[in-house]
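Undergrad: My file is data_1.cif. It has mmCIF, C-alpha atoms:
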```
data_coords
loop_
_atom_site.label_atom_id
_atom_site.label_comp_id
_atom_site.auth_asym_id
_atom_site.auth_seq_id
_atom_site.Cartn_x
_atom_site.Cartn_y
_atom_site.Cartn_z
CA MET A 1 -0.21 -10.65 16.76
CA LYS A 2 2.54 -10.13 14.23
CA PRO A 3 4.69 -7.45 15.80
CA GLN A 4 7.41 -6.19 13.49
CA ALA A 5 10.14 -7.24 15.90
CA ALA A 6 9.15 -10.86 15.32
CA VAL A 7 10.01 -10.73 11.62
CA ASP A 8 12.41 -13.57 10.93
CA THR A 9 15.75 -11.89 10.23
CA ALA A 10 16.80 -14.81 8.01
CA ARG A 11 14.11 -13.67 5.62
CA ILE A 12 15.28 -10.09 5.36
CA PRO A 13 16.44 -9.53 1.79
CA ASP A 14 20.18 -9.69 1.17
CA GLU A 15 22.05 -7.34 -1.14
CA LEU A 16 21.24 -9.23 -4.34
CA ASP A 17 17.56 -9.40 -3.34
CA ARG A 18 17.67 -5.67 -2.77
CA ARG A 19 19.10 -5.14 -6.26
CA ILE A 20 16.21 -7.16 -7.66
CA ILE A 21 13.79 -5.06 -5.62
CA ARG A 22 15.29 -1.83 -6.93
CA ALA A 23 15.16 -3.14 -10.50
CA THR A 24 11.47 -4.08 -10.22
CA GLN A 25 9.90 -1.61 -7.81
CA ALA A 26 8.80 0.65 -10.66
CA GLY A 27 7.32 -2.40 -12.40
CA LEU A 28 8.03 -5.63 -14.22
CA PRO A 29 9.42 -5.25 -17.78
CA LEU A 30 6.72 -5.67 -20.43
CA VAL A 31 8.68 -8.14 -22.55
CA PRO A 32 8.06 -11.86 -23.16
CA GLU A 33 10.84 -12.89 -20.73
CA PRO A 34 10.77 -10.25 -17.99
CA TYR A 35 12.82 -12.21 -15.44
CA ARG A 36 15.58 -12.78 -18.01
CA GLN A 37 15.68 -9.06 -18.73
CA ILE A 38 16.00 -8.22 -15.04
CA GLY A 39 18.79 -10.78 -14.76
CA GLU A 40 20.63 -9.28 -17.72
CA GLN A 41 20.41 -5.89 -16.11
CA LEU A 42 21.94 -7.27 -12.91
CA GLY A 43 24.42 -9.68 -14.49
CA ILE A 44 22.70 -12.85 -13.21
CA GLY A 45 20.61 -15.57 -14.82
CA ALA A 46 16.84 -15.68 -15.17
CA GLU A 47 16.74 -18.78 -12.92
CA GLU A 48 18.38 -16.92 -10.05
CA VAL A 49 15.97 -13.98 -10.41
CA MET A 50 12.98 -16.34 -10.42
CA GLN A 51 14.22 -18.34 -7.42
CA ARG A 52 14.83 -15.23 -5.37
CA MET A 53 11.51 -13.64 -6.31
CA GLN A 54 9.72 -16.89 -5.48
CA ARG A 55 11.41 -16.92 -2.08
CA MET A 56 10.47 -13.28 -1.43
CA LEU A 57 6.90 -14.10 -2.43
CA GLU A 58 6.79 -17.01 0.02
CA SER A 59 8.29 -14.97 2.88
CA GLY A 60 5.92 -12.06 2.29
CA VAL A 61 8.57 -9.53 1.20
CA ILE A 62 6.59 -9.56 -2.06
CA ARG A 63 2.90 -9.33 -1.18
CA ARG A 64 1.87 -10.36 -4.68
CA ILE A 65 2.73 -9.80 -8.31
CA GLY A 66 0.13 -8.23 -10.52
CA ALA A 67 -1.65 -5.15 -11.78
CA VAL A 68 -2.57 -2.28 -9.49
CA PRO A 69 -5.68 -0.60 -10.88
CA ASN A 70 -5.72 3.15 -10.50
CA HIS A 71 -8.94 3.40 -8.57
CA TYR A 72 -9.22 7.13 -9.19
CA THR A 73 -8.99 6.83 -12.98
CA LEU A 74 -11.38 3.87 -12.90
CA GLY A 75 -14.10 5.92 -11.24
CA PHE A 76 -13.52 5.17 -7.55
CA ARG A 77 -12.91 8.83 -6.79
CA ALA A 78 -13.64 8.91 -3.09
CA ASN A 79 -11.68 7.31 -0.32
CA GLY A 80 -12.39 7.58 3.34
CA MET A 81 -10.20 6.35 6.13
CA SER A 82 -12.71 4.93 8.57
CA VAL A 83 -11.46 4.72 12.13
CA TRP A 84 -13.17 2.75 14.88
CA ASP A 85 -13.01 2.48 18.64
CA VAL A 86 -13.59 -1.18 19.48
CA PRO A 87 -12.61 -3.07 22.63
CA ASP A 88 -8.96 -4.19 22.29
CA ARG A 89 -9.86 -7.83 22.88
CA LEU A 90 -12.17 -7.77 19.83
CA VAL A 91 -9.96 -5.82 17.45
CA ARG A 92 -8.49 -8.90 15.74
CA LYS A 93 -11.84 -10.59 15.25
CA TYR A 94 -13.36 -7.49 13.70
CA GLY A 95 -10.18 -6.57 11.82
CA LYS A 96 -10.32 -9.86 9.96
CA GLN A 97 -14.02 -9.50 9.18
CA ILE A 98 -13.60 -5.96 7.92
CA GLY A 99 -10.45 -6.83 5.96
CA ALA A 100 -12.49 -9.47 4.11
CA LEU A 101 -14.95 -6.87 2.74
CA GLU A 102 -14.25 -6.24 -0.92
CA PHE A 103 -14.47 -2.44 -0.66
CA VAL A 104 -11.77 -2.25 2.05
CA SER A 105 -8.21 -1.88 0.73
CA HIS A 106 -6.34 -1.68 4.05
CA ALA A 107 -7.27 -2.79 7.56
CA TYR A 108 -5.01 -2.33 10.55
CA HIS A 109 -4.91 -2.35 14.32
CA ARG A 110 -3.14 0.86 15.37
CA PRO A 111 -2.42 2.38 18.79
CA ARG A 112 -4.80 4.80 20.50
CA HIS A 113 -3.51 8.17 21.71
CA PRO A 114 -5.82 8.95 24.62
CA PRO A 115 -7.44 11.24 25.47
CA ARG A 116 -7.61 12.92 22.07
CA TRP A 117 -7.44 9.94 19.72
CA ARG A 118 -9.44 6.91 20.82
CA TYR A 119 -9.57 4.87 17.59
CA ASN A 120 -7.72 1.56 17.35
CA LEU A 121 -9.06 -0.04 14.14
CA PHE A 122 -8.49 1.54 10.71
CA ALA A 123 -10.16 0.53 7.45
CA MET A 124 -9.65 2.35 4.15
CA VAL A 125 -12.92 2.40 2.19
CA HIS A 126 -13.24 3.20 -1.52
CA GLY A 127 -16.28 4.29 -3.48
CA ARG A 128 -17.36 6.21 -6.54
CA ASP A 129 -18.30 9.18 -4.39
CA ARG A 130 -18.55 10.16 -0.74
CA LYS A 131 -22.09 8.92 -0.47
CA GLU A 132 -21.02 5.45 -1.57
CA VAL A 133 -18.16 5.50 0.95
CA GLU A 134 -20.65 6.46 3.66
CA GLN A 135 -22.95 3.59 2.64
CA LYS A 136 -20.05 1.17 2.86
CA VAL A 137 -18.97 2.51 6.23
CA ALA A 138 -22.56 1.93 7.37
CA ILE A 139 -22.12 -1.74 6.42
CA ILE A 140 -19.07 -1.90 8.70
CA ALA A 141 -21.01 -0.15 11.46
CA GLY A 142 -23.72 -2.79 11.13
CA LEU A 143 -21.16 -5.55 11.39
CA LEU A 144 -19.62 -4.08 14.56
CA GLY A 145 -22.95 -3.25 16.16
CA GLY A 146 -22.68 -2.05 19.74
CA ASP A 147 -19.01 -3.02 19.92
CA ALA A 148 -18.14 0.11 17.93
CA ARG A 149 -18.15 2.74 20.64
CA ASP A 150 -17.38 5.50 18.17
CA HIS A 151 -16.21 5.96 14.61
CA ARG A 152 -15.27 8.64 12.11
CA ILE A 153 -14.65 8.85 8.37
CA LEU A 154 -11.62 10.94 7.46
CA PHE A 155 -12.03 11.93 3.81
CA SER A 156 -8.93 12.99 1.95
CA SER A 157 -9.19 16.49 0.54
CA ARG A 158 -5.79 16.71 -1.17
CA ILE A 159 -2.82 14.52 -2.03
CA LEU A 160 0.19 16.43 -0.71
CA LYS A 161 2.84 13.90 -1.74
CA LYS A 162 2.79 10.51 -3.41
CA SER A 163 6.23 9.24 -4.21
CA GLY A 164 5.50 5.64 -3.30
CA LEU A 165 7.74 3.48 -1.18
CA ARG A 166 11.17 3.34 -2.66
CA LEU A 167 14.18 1.43 -1.49
CA PRO A 168 16.95 4.01 -1.21
CA GLY A 169 20.34 3.59 -2.84
CA GLY A 170 21.61 3.13 -6.36
CA GLY A 171 21.20 0.10 -8.61
CA MET B 172 -11.42 -0.10 -21.41
CA ASP B 173 -13.12 -2.93 -23.20
CA ALA B 174 -14.17 -6.36 -21.95
CA ILE B 175 -10.71 -7.84 -22.56
CA ASP B 176 -8.99 -5.04 -20.60
CA ARG B 177 -11.41 -5.60 -17.73
CA ALA B 178 -10.78 -9.33 -17.82
CA ILE B 179 -7.03 -8.67 -17.67
CA VAL B 180 -7.35 -6.34 -14.67
CA ASN B 181 -9.70 -8.68 -12.83
CA HIS B 182 -7.48 -11.65 -13.56
CA LEU B 183 -4.17 -10.00 -12.71
CA GLN B 184 -4.73 -8.37 -9.33
CA GLY B 185 -2.35 -10.97 -7.96
CA GLY B 186 -0.92 -14.32 -8.86
CA PHE B 187 1.19 -13.31 -11.85
CA PRO B 188 3.39 -16.37 -12.42
CA ILE B 189 7.15 -16.66 -11.97
CA CYS B 190 8.25 -18.66 -15.02
CA HIS B 191 10.18 -18.05 -18.24
CA ARG B 192 7.22 -16.86 -20.30
CA PRO B 193 4.73 -15.56 -17.71
CA TYR B 194 2.84 -13.28 -20.11
CA ALA B 195 2.32 -16.16 -22.53
CA ALA B 196 0.98 -18.30 -19.65
CA VAL B 197 -1.50 -15.61 -18.55
CA ALA B 198 -2.49 -14.80 -22.14
CA SER B 199 -3.43 -18.40 -22.82
CA GLU B 200 -5.58 -18.47 -19.66
CA LEU B 201 -7.38 -15.39 -20.99
CA GLY B 202 -7.63 -16.77 -24.52
CA ILE B 203 -5.56 -14.01 -26.13
CA GLY B 204 -2.05 -13.85 -27.55
CA GLU B 205 1.08 -12.92 -25.60
CA SER B 206 1.76 -9.80 -27.66
CA GLU B 207 -1.83 -8.62 -27.27
CA LEU B 208 -1.56 -8.94 -23.49
CA LEU B 209 1.70 -6.97 -23.47
CA GLN B 210 0.23 -4.25 -25.68
CA ARG B 211 -2.88 -3.94 -23.56
CA LEU B 212 -0.91 -3.73 -20.31
CA GLU B 213 1.31 -1.06 -21.83
CA ARG B 214 -1.70 0.94 -22.98
CA MET B 215 -3.47 0.71 -19.60
CA LEU B 216 -0.28 1.92 -17.90
CA GLU B 217 0.06 4.81 -20.36
CA ARG B 218 -3.56 5.80 -19.77
CA ASN B 219 -3.02 5.52 -16.04
CA GLN B 220 -5.82 2.96 -15.71
CA LEU B 221 -3.18 0.87 -13.98
CA SER B 222 -0.90 2.68 -11.58
CA ARG B 223 1.69 -0.06 -11.89
CA PHE B 224 2.30 -3.62 -12.93
CA GLY B 225 4.75 -5.88 -11.13
CA PRO B 226 5.68 -7.07 -7.64
CA MET B 227 4.17 -5.27 -4.64
CA TYR B 228 6.74 -5.17 -1.88
CA ASP B 229 6.00 -5.07 1.84
CA ALA B 230 8.32 -2.34 3.14
CA ALA B 231 8.02 -3.58 6.71
CA ARG B 232 9.53 -6.93 5.72
CA MET B 233 12.58 -5.43 4.12
CA GLY B 234 14.12 -4.73 7.50
CA GLY B 235 13.21 -1.06 7.44
CA GLY B 236 10.81 1.03 9.48
CA LEU B 237 7.30 1.97 8.43
CA THR B 238 4.63 3.95 10.20
CA LEU B 239 1.59 6.18 9.75
CA CYS B 240 1.81 9.65 11.31
CA ALA B 241 -0.73 12.40 11.85
CA MET B 242 -0.49 16.08 12.73
CA ALA B 243 -3.00 18.74 13.75
CA LEU B 244 -2.18 22.02 12.02
CA PRO B 245 -3.84 25.41 11.97
CA GLU B 246 -5.14 26.24 8.48
CA LYS B 247 -2.79 29.18 8.02
CA GLU B 248 0.24 27.03 8.86
CA PHE B 249 -0.82 24.05 6.80
CA ASP B 250 0.96 24.67 3.49
CA ARG B 251 4.18 25.82 5.12
CA VAL B 252 4.35 22.71 7.33
CA ALA B 253 3.33 20.44 4.43
CA GLU B 254 6.33 21.72 2.50
CA MET B 255 8.65 21.00 5.43
CA VAL B 256 7.24 17.51 5.97
CA ASN B 257 7.29 16.62 2.26
CA ALA B 258 10.95 17.63 2.03
CA TYR B 259 11.88 14.55 4.07
CA PRO B 260 12.75 11.73 1.66
CA GLU B 261 11.37 9.30 4.27
CA VAL B 262 7.85 10.71 3.73
CA ALA B 263 6.32 8.41 1.11
CA HIS B 264 2.71 9.63 0.91
CA ASN B 265 1.06 12.60 2.51
CA TYR B 266 -2.67 13.36 2.49
CA ALA B 267 -4.72 16.27 3.75
CA ARG B 268 -7.77 14.89 5.56
CA GLU B 269 -10.89 16.55 6.92
CA HIS B 270 -10.45 16.15 10.65
CA TRP B 271 -8.73 17.98 13.49
CA LEU B 272 -5.81 15.68 12.67
CA ASN B 273 -5.61 17.17 9.19
CA MET B 274 -2.30 15.85 7.83
CA TRP B 275 -1.56 12.12 7.48
CA PHE B 276 1.69 10.76 6.11
CA VAL B 277 3.53 7.47 5.80
CA LEU B 278 7.16 7.32 6.91
CA ALA B 279 9.42 4.63 5.45
CA THR B 280 12.97 4.46 6.78
CA GLU B 281 15.93 2.21 6.17
CA THR B 282 16.06 1.08 9.80
CA PRO B 283 13.29 0.90 12.43
CA GLN B 284 15.33 3.18 14.73
CA ARG B 285 15.23 5.99 12.15
CA ILE B 286 11.45 6.36 12.60
CA GLY B 287 11.84 7.96 16.01
CA GLU B 288 14.66 10.21 14.82
CA VAL B 289 12.72 11.48 11.80
CA ILE B 290 9.62 12.11 13.95
CA ALA B 291 11.73 14.06 16.46
CA ASP B 292 13.27 16.09 13.60
CA ILE B 293 9.84 16.90 12.15
CA GLU B 294 8.50 17.95 15.55
CA ARG B 295 11.52 20.18 16.19
CA GLU B 296 11.50 21.74 12.76
CA THR B 297 7.75 22.41 12.56
CA GLY B 298 7.03 23.03 16.23
CA TYR B 299 3.98 20.71 16.14
CA PRO B 300 3.58 17.26 17.70
CA VAL B 301 3.44 14.14 15.54
CA TYR B 302 1.03 11.32 16.44
CA ASN B 303 2.84 8.09 15.65
CA MET B 304 0.46 5.25 14.70
CA PRO B 305 2.52 2.24 13.62
CA LYS B 306 0.46 -0.82 12.78
CA LYS B 307 0.10 -3.30 15.61
CA GLU B 308 -1.45 -5.86 13.32
CA GLU B 309 -2.30 -5.94 9.63
CA PHE B 310 -5.55 -7.64 8.61
CA PHE B 311 -5.64 -6.90 4.91
CA VAL B 312 -3.77 -4.89 2.28
CA GLY B 313 -4.80 -4.96 -1.34
CA LEU B 314 -7.32 -3.87 -3.88
CA ARG B 315 -10.06 -6.13 -5.16
CA PHE B 316 -11.88 -4.11 -7.73
CA GLN B 317 -13.97 -6.25 -10.02
CA LEU B 318 -14.56 -4.15 -13.10
#
```
Mind converting the file's structure to structure tokens?
TA:
Amino acid sequence: MKPQAAVDTARIPDELDRRIIRATQAGLPLVPEPYRQIGEQLGIGAEEVMQRMQRMLESGVIRRIGAVPNHYTLGFRANGMSVWDVPDRLVRKYGKQIGALEFVSHAYHRPRHPPRWRYNLFAMVHGRDRKEVEQKVAIIAGLLGGDARDHRILFSSRILKKSGLRLPGGG
Amino acid sequence: MDAIDRAIVNHLQGGFPICHRPYAAVASELGIGESELLQRLERMLERNQLSRFGPMYDAARMGGGLTLCAMALPEKEFDRVAEMVNAYPEVAHNYAREHWLNMWFVLATETPQRIGEVIADIERETGYPVYNMPKKEEFFVGLRFQL
């Protein structure tokens, strides 16, 4: 388990880290020396920007640095949030297996809300259309076998808001 | 998108280097020039083939609060409540989904304590309960599209 309370407070970004985060959360500058440009914006050197970003990468504050393909534009037009009711003692084992499937973008253990909501394992599945999502969910169902007591696919019908995660506060 | 664009996307889903000339380093791995890589990234961003390029931050590790919430709303109330919920700056994404729990949104707050306060405010303002489903454990987050 990695409960949020166990996050090492020494690794929580300080104010300068947070300024770097704000300067880069919309993206990295598309110039030959992007870290120097960020530093110039913040009045610090490129070395300091690189050291701090490296540290945030190692501590997991930065998950990774790279390109995020727009799956919708690239033809992956359907997404279904598959939710599963598996025994709590098996949720980690299956969560890791499902998270390793290339068509799953997010996999989490989340709390049940009995009696109305019994699902404790969530996996976001992407496909070109709903049928493909259903085929991929069937692969997960095969993997879980009889340990999946129930599951559902919640297809999204509309995006109501998508502002992205933004660190509040000015530069 | 041509073969070079696809190679760039496949190559750059993570692992972009932290060094003085990172684009030049990646470009040489791909066998193209630095300026070509920059131009292609810019074009894919303009065309919305990439939704962004840069560091992906984990909000939960910034000391703030993060959770997934769901609500069950009658169809005739849906748009009115969606407007109320979306008005909260803490609501990052919100999706309509086909289920009795038909509205799903992510809350991101500056402190973990704020999560409970915002949920209580939303429940009071809308008159409908919020199902709070914070992650207990994360197994994978990312996209691995091979184009």
Undergrad: List as an MDAnalysis selection string the protein and nucleic acid residues near Ala279 (chain B), meaning an atom at most 7 Å away when only C-alpha atoms are counted, but skip any in the same chain fewer than 3 places from it.
TA: (chainID A and resid 165) or (chainID B and resid 236:238 261:263)
Undergrad: Which residue is closest to chain A? Choose from B:Asp173, B:Asp229, B:Glu207, B:Asp250 and count all atoms listed in the file.
TA: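 Going through B:Asp173, B:Asp229, B:Glu207, B:Asp250 one by one, the smallest distance to chain A is for B:Asp229.
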Undergrad: Tell me, as a PyMOL selection string, which residues lie within 7 Å of Ser222 (chain B), counting all atoms listed in the file; anything in the same chain fewer than 6 positions away does not count.
TA: (chain A and resi 68-70) or (chain B and resi 216)
Undergrad: When distances are computed from all atoms listed in the file, which of A:Ile21, A:Leu144, A:Leu42, A:Ala78 shows the smallest separation from chain B?
TA: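 Closest candidate: A:Ile21.
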Undergrad: So, with only C-alpha atoms as the atoms that count, which of A:Leu143, A:Leu101, A:Leu16, A:Met81 lies closest to Glu48 (chain A)?
TA: A:Leu16
Undergrad: Starting from the displayed file, determine the output of the PyMOL selection byres ((chain A and resi 134-141) around 12) and express the residue list as a PyMOL selection string.
TA: chain A and resi 78-86+94-104+107+121-133+142-155
Undergrad: Restricted to C-alpha atoms, what would the selected residues look like written as a PDB file, in the coordinates of the input?
TA:
```pdb
ATOM      1  CA  ALA A  78     -13.640   8.910  -3.090  1.00  0.00           C
ATOM      2  CA  ASN A  79     -11.680   7.310  -0.320  1.00  0.00           C
ATOM      3  CA  GLY A  80     -12.390   7.580   3.340  1.00  0.00           C
ATOM      4  CA  MET A  81     -10.200   6.350   6.130  1.00  0.00           C
ATOM      5  CA  SER A  82     -12.710   4.930   8.570  1.00  0.00           C
ATOM      6  CA  VAL A  83     -11.460   4.720  12.130  1.00  0.00           C
ATOM      7  CA  TRP A  84     -13.170   2.750  14.880  1.00  0.00           C
ATOM      8  CA  ASP A  85     -13.010   2.480  18.640  1.00  0.00           C
ATOM      9  CA  VAL A  86     -13.590  -1.180  19.480  1.00  0.00           C
ATOM     10  CA  TYR A  94     -13.360  -7.490  13.700  1.00  0.00           C
ATOM     11  CA  GLY A  95     -10.180  -6.570  11.820  1.00  0.00           C
ATOM     12  CA  LYS A  96     -10.320  -9.860   9.960  1.00  0.00           C
ATOM     13  CA  GLN A  97     -14.020  -9.500   9.180  1.00  0.00           C
ATOM     14  CA  ILE A  98     -13.600  -5.960   7.920  1.00  0.00           C
ATOM     15  CA  GLY A  99     -10.450  -6.830   5.960  1.00  0.00           C
ATOM     16  CA  ALA A 100     -12.490  -9.470   4.110  1.00  0.00           C
ATOM     17  CA  LEU A 101     -14.950  -6.870   2.740  1.00  0.00           C
ATOM     18  CA  GLU A 102     -14.250  -6.240  -0.920  1.00  0.00           C
ATOM     19  CA  PHE A 103     -14.470  -2.440  -0.660  1.00  0.00           C
ATOM     20  CA  VAL A 104     -11.770  -2.250   2.050  1.00  0.00           C
ATOM     21  CA  ALA A 107      -7.270  -2.790   7.560  1.00  0.00           C
ATOM     22  CA  LEU A 121      -9.060  -0.040  14.140  1.00  0.00           C
ATOM     23  CA  PHE A 122      -8.490   1.540  10.710  1.00  0.00           C
ATOM     24  CA  ALA A 123     -10.160   0.530   7.450  1.00  0.00           C
ATOM     25  CA  MET A 124      -9.650   2.350   4.150  1.00  0.00           C
ATOM     26  CA  VAL A 125     -12.920   2.400   2.190  1.00  0.00           C
ATOM     27  CA  HIS A 126     -13.240   3.200  -1.520  1.00  0.00           C
ATOM     28  CA  GLY A 127     -16.280   4.290  -3.480  1.00  0.00           C
ATOM     29  CA  ARG A 128     -17.360   6.210  -6.540  1.00  0.00           C
ATOM     30  CA  ASP A 129     -18.300   9.180  -4.390  1.00  0.00           C
ATOM     31  CA  ARG A 130     -18.550  10.160  -0.740  1.00  0.00           C
ATOM     32  CA  LYS A 131     -22.090   8.920  -0.470  1.00  0.00           C
ATOM     33  CA  GLU A 132     -21.020   5.450  -1.570  1.00  0.00           C
ATOM     34  CA  VAL A 133     -18.160   5.500   0.950  1.00  0.00           C
ATOM     35  CA  GLY A 142     -23.720  -2.790  11.130  1.00  0.00           C
ATOM     36  CA  LEU A 143     -21.160  -5.550  11.390  1.00  0.00           C
ATOM     37  CA  LEU A 144     -19.620  -4.080  14.560  1.00  0.00           C
ATOM     38  CA  GLY A 145     -22.950  -3.250  16.160  1.00  0.00           C
ATOM     39  CA  GLY A 146     -22.680  -2.050  19.740  1.00  0.00           C
ATOM     40  CA  ASP A 147     -19.010  -3.020  19.920  1.00  0.00           C
ATOM     41  CA  ALA A 148     -18.140   0.110  17.930  1.00  0.00           C
ATOM     42  CA  ARG A 149     -18.150   2.740  20.640  1.00  0.00           C
ATOM     43  CA  ASP A 150     -17.380   5.500  18.170  1.00  0.00           C
ATOM     44  CA  HIS A 151     -16.210   5.960  14.610  1.00  0.00           C
ATOM     45  CA  ARG A 152     -15.270   8.640  12.110  1.00  0.00           C
ATOM     46  CA  ILE A 153     -14.650   8.850   8.370  1.00  0.00           C
ATOM     47  CA  LEU A 154     -11.620  10.940   7.460  1.00  0.00           C
ATOM     48  CA  PHE A 155     -12.030  11.930   3.810  1.00  0.00           C
TER      49      PHE A 155
END
```
Undergrad: Return the single residue from B:Ala178, B:Met227, B:Ala243, B:Gly204 that is closest to Leu57 (chain A), with distances computed using only C-alpha atoms.
TA: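 Selected residue with least distance to Leu57 (chain A): B:Met227.
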Undergrad: Residues within 9 Å of Leu244 (chain B), please, as a list in words. Count only C-alpha atoms; anything in the same chain fewer than 3 positions from it doesn't count.
TA: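 Once the adjacent positions are removed, what remains is Lys247, Glu248, Phe249, Val252, Trp271, Leu272, Asn273, Met274 and Tyr299 of chain B.
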Undergrad: Just how far from CA of Asn120 (chain A) is CA of Arg92 (chain A), in Å to one decimal?
TA: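 Separation between CA of Arg92 (chain A) and CA of Asn120 (chain A): 10.6 Å.
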Undergrad: Running the PyMOL selection byres ((chain A and resi 46) around 12) on this model by hand, what would come out? Give it as an MDAnalysis selection string.
TA: (chainID A and resid 20 33:45 47:53) or (chainID B and resid 189:192)
Undergrad: Interatomic distance between CA of Ala267 (chain B) and CA of Thr297 (chain B)?
TA: 16.5 Å
